[in-house]
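K.L.:
Please find one structure pasted underneath; my questions will follow.
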Amino acid sequence: MKPIVMIDSDLFGTSILTLALILLGAIVTLFNPYKQKRRWVRYCASILNTISLILLLSNALVFIPSAIFSAKDLGCLEAVGAILVPICFFFAYRQVRSLTAGIVSFRHQIRSVFQFNIKVIARAVLFFIPVAVAAVIEIRLAGSRYSPPSFTMIWKTVLVAPFIEEFCFRFMLPGLACNEDCMPGDYLLFSMFFLLLHGPSLNLFPFFFSLYLYFVIRKTGNLAVTILFHSFWNFCILAFPYVPLQQSSMQ
């Protein structure tokens with residue numbers, strides 16, 4: 001009797017999802033927001049391109065490597081997963097090049113949103129206070145104690161996710177959808193999609209946090225500040241996990 005071939009379901013599902021995302025990325029790239037004359041079409045194209053880019057980068061940097069490292073035995077499926085990583089990067093790079101083709105002096109803009117000066121630092125410290133207070137309140141309400149997170153969780157939750165989401169939502173999306181001339185309603189819509197991207201939940205904090213980060217980047221003009229705020233919040237949630245009330249009372 002031939003041995004049963006076991007397929008790693010996590011890696012198999014991730015690989016299928018990645019192929020679908022690559023196809024989606026190739027399709028949405030054809031709908032460049034700058035080439036759309038109607039405002040609502042440009043909006044839809046901007047949001048689709050942004051979400052597609054986030055998912056492609058997340059798969060390349062987080063989901064595929066995690067699935068490969070968690071696999072019990074390395075085989076053909078793991079090799080396919082390893083091949084999909086550079087393919088995801090290629091399509092993500094191609095998508096960014098296509099989207100930024102209509103942005104004048106894109107490299108200059110990238111450099112400018114990562115520059116610090118005394119004014120930016122002072123405002124960053126001031127705007128960090130509400131985030132720190134909210135984190136302390138969240139930790140106190142959760143009734144949790146510090147639990148050292150693993151390197152994998154730090155990598156994907158504290159380092160990768162904040163950078164990708166802030167770059168795409170706070171930097172790319174406003175320029176694609178409305179040439180940086182955004183109104184409050186635009187930020188509300190962007191934050192709604194930011195909330196949906198974090199999964200179905202009754203927790204509306206990502207929505208309000210997104211609005212606050214839009215406010216911060218408008219006041220500081222610095223993307224690194226919002227990335228640091230986002231990373232700090234994710235670390236607090238990760239290092240101080242929620243403890244149910246009954247379990248907390250038993251400790």
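Lettering and numbering for the structure tokens are positional, with chains as A, B, ... in the shown order, residues counted from 1 in each chain, and ligands counted from 1 in the shown order.
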Need the shell around range 198-209 of chain A: protein/DNA/RNA residues with any atom at most 10 Å away, counting only C-alpha atoms. Skip same-chain ones fewer than 2 positions apart. Format as a PDB file with C-alpha atoms, in the first residue's frame?
P.N.:
ATOM      1  CA  VAL A 131      -1.845  57.083  22.164  1.00  0.00           C
ATOM      2  CA  TYR A 187     -10.661  60.063   5.730  1.00  0.00           C
ATOM      3  CA  LEU A 188     -13.848  58.553   7.144  1.00  0.00           C
ATOM      4  CA  LEU A 189     -14.151  56.312   4.092  1.00  0.00           C
ATOM      5  CA  PHE A 190     -10.480  55.351   4.145  1.00  0.00           C
ATOM      6  CA  SER A 191     -10.721  54.515   7.845  1.00  0.00           C
ATOM      7  CA  MET A 192     -13.786  52.372   7.208  1.00  0.00           C
ATOM      8  CA  PHE A 193     -11.781  50.233   4.799  1.00  0.00           C
ATOM      9  CA  PHE A 194      -8.929  50.192   7.311  1.00  0.00           C
ATOM     10  CA  LEU A 195     -11.401  48.775   9.837  1.00  0.00           C
ATOM     11  CA  LEU A 196     -12.710  46.159   7.393  1.00  0.00           C
ATOM     12  CA  LEU A 211      -8.676  58.737  11.799  1.00  0.00           C
ATOM     13  CA  TYR A 212      -6.226  59.874  14.458  1.00  0.00           C
ATOM     14  CA  LEU A 213      -3.248  58.726  12.391  1.00  0.00           C
ATOM     15  CA  TYR A 214      -4.563  60.701   9.413  1.00  0.00           C
ATOM     16  CA  PHE A 215      -4.729  63.719  11.704  1.00  0.00           C
ATOM     17  CA  PHE A 229       2.615  55.105  16.777  1.00  0.00           C
ATOM     18  CA  HIS A 230       1.107  52.100  15.009  1.00  0.00           C
ATOM     19  CA  TRP A 233       0.039  50.263  19.830  1.00  0.00           C
TER      20      TRP A 233
END
K.L.:
Counting only C-alpha atoms, what is within 7 Å of range 47-52 of chain A, bar same-chain residues fewer than 4 positions away, as a list in words?
P.N.:
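Counting only the stated atoms, we get Leu21, Gly25, Val28, Thr29, Tyr43, Leu56, Cys168 and Leu173 of chain A.
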K.L.:
So what do you get for CA of Leu23 in chain A versus CA of Thr152 in chain A, distance-wise?
P.N.:
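One can read the CA of Leu23 in chain A to CA of Thr152 in chain A distance as 27.7 Å.
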K.L.:
Could you find all residues in range 101-248 of chain A that DSSP calls alpha helix (DSSP H) from the backbone, and write them as a PyMOL selection string?
P.N.:
chain A and resi 106-112+118-142+151-153+161-165+173-178+184-197+205-220+223-239+245-248
K.L.:
Find the residue from A:Ala60, A:Cys236, A:Val133, A:Ala45 that sits nearest to Arg145 in chain A; use only C-alpha atoms when measuring.
P.N.:
A:Cys236
K.L.:
Calculated over only C-alpha atoms, which of the candidates A:Gln115, A:Trp155, A:Val216, A:Phe171 has the smallest distance to Pro130 in chain A?
P.N.:
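Using only C-alpha atoms, Pro130 in chain A sits closest to A:Val216.
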K.L.:
List as an MDAnalysis selection string the protein and nucleic acid residues near Asn59 in chain A, meaning an atom at most 9 Å away when only C-alpha atoms are counted, but skip any in the same chain fewer than 6 places from it.
P.N.:
chainID A and resid 14 17:18 21 65 85 88
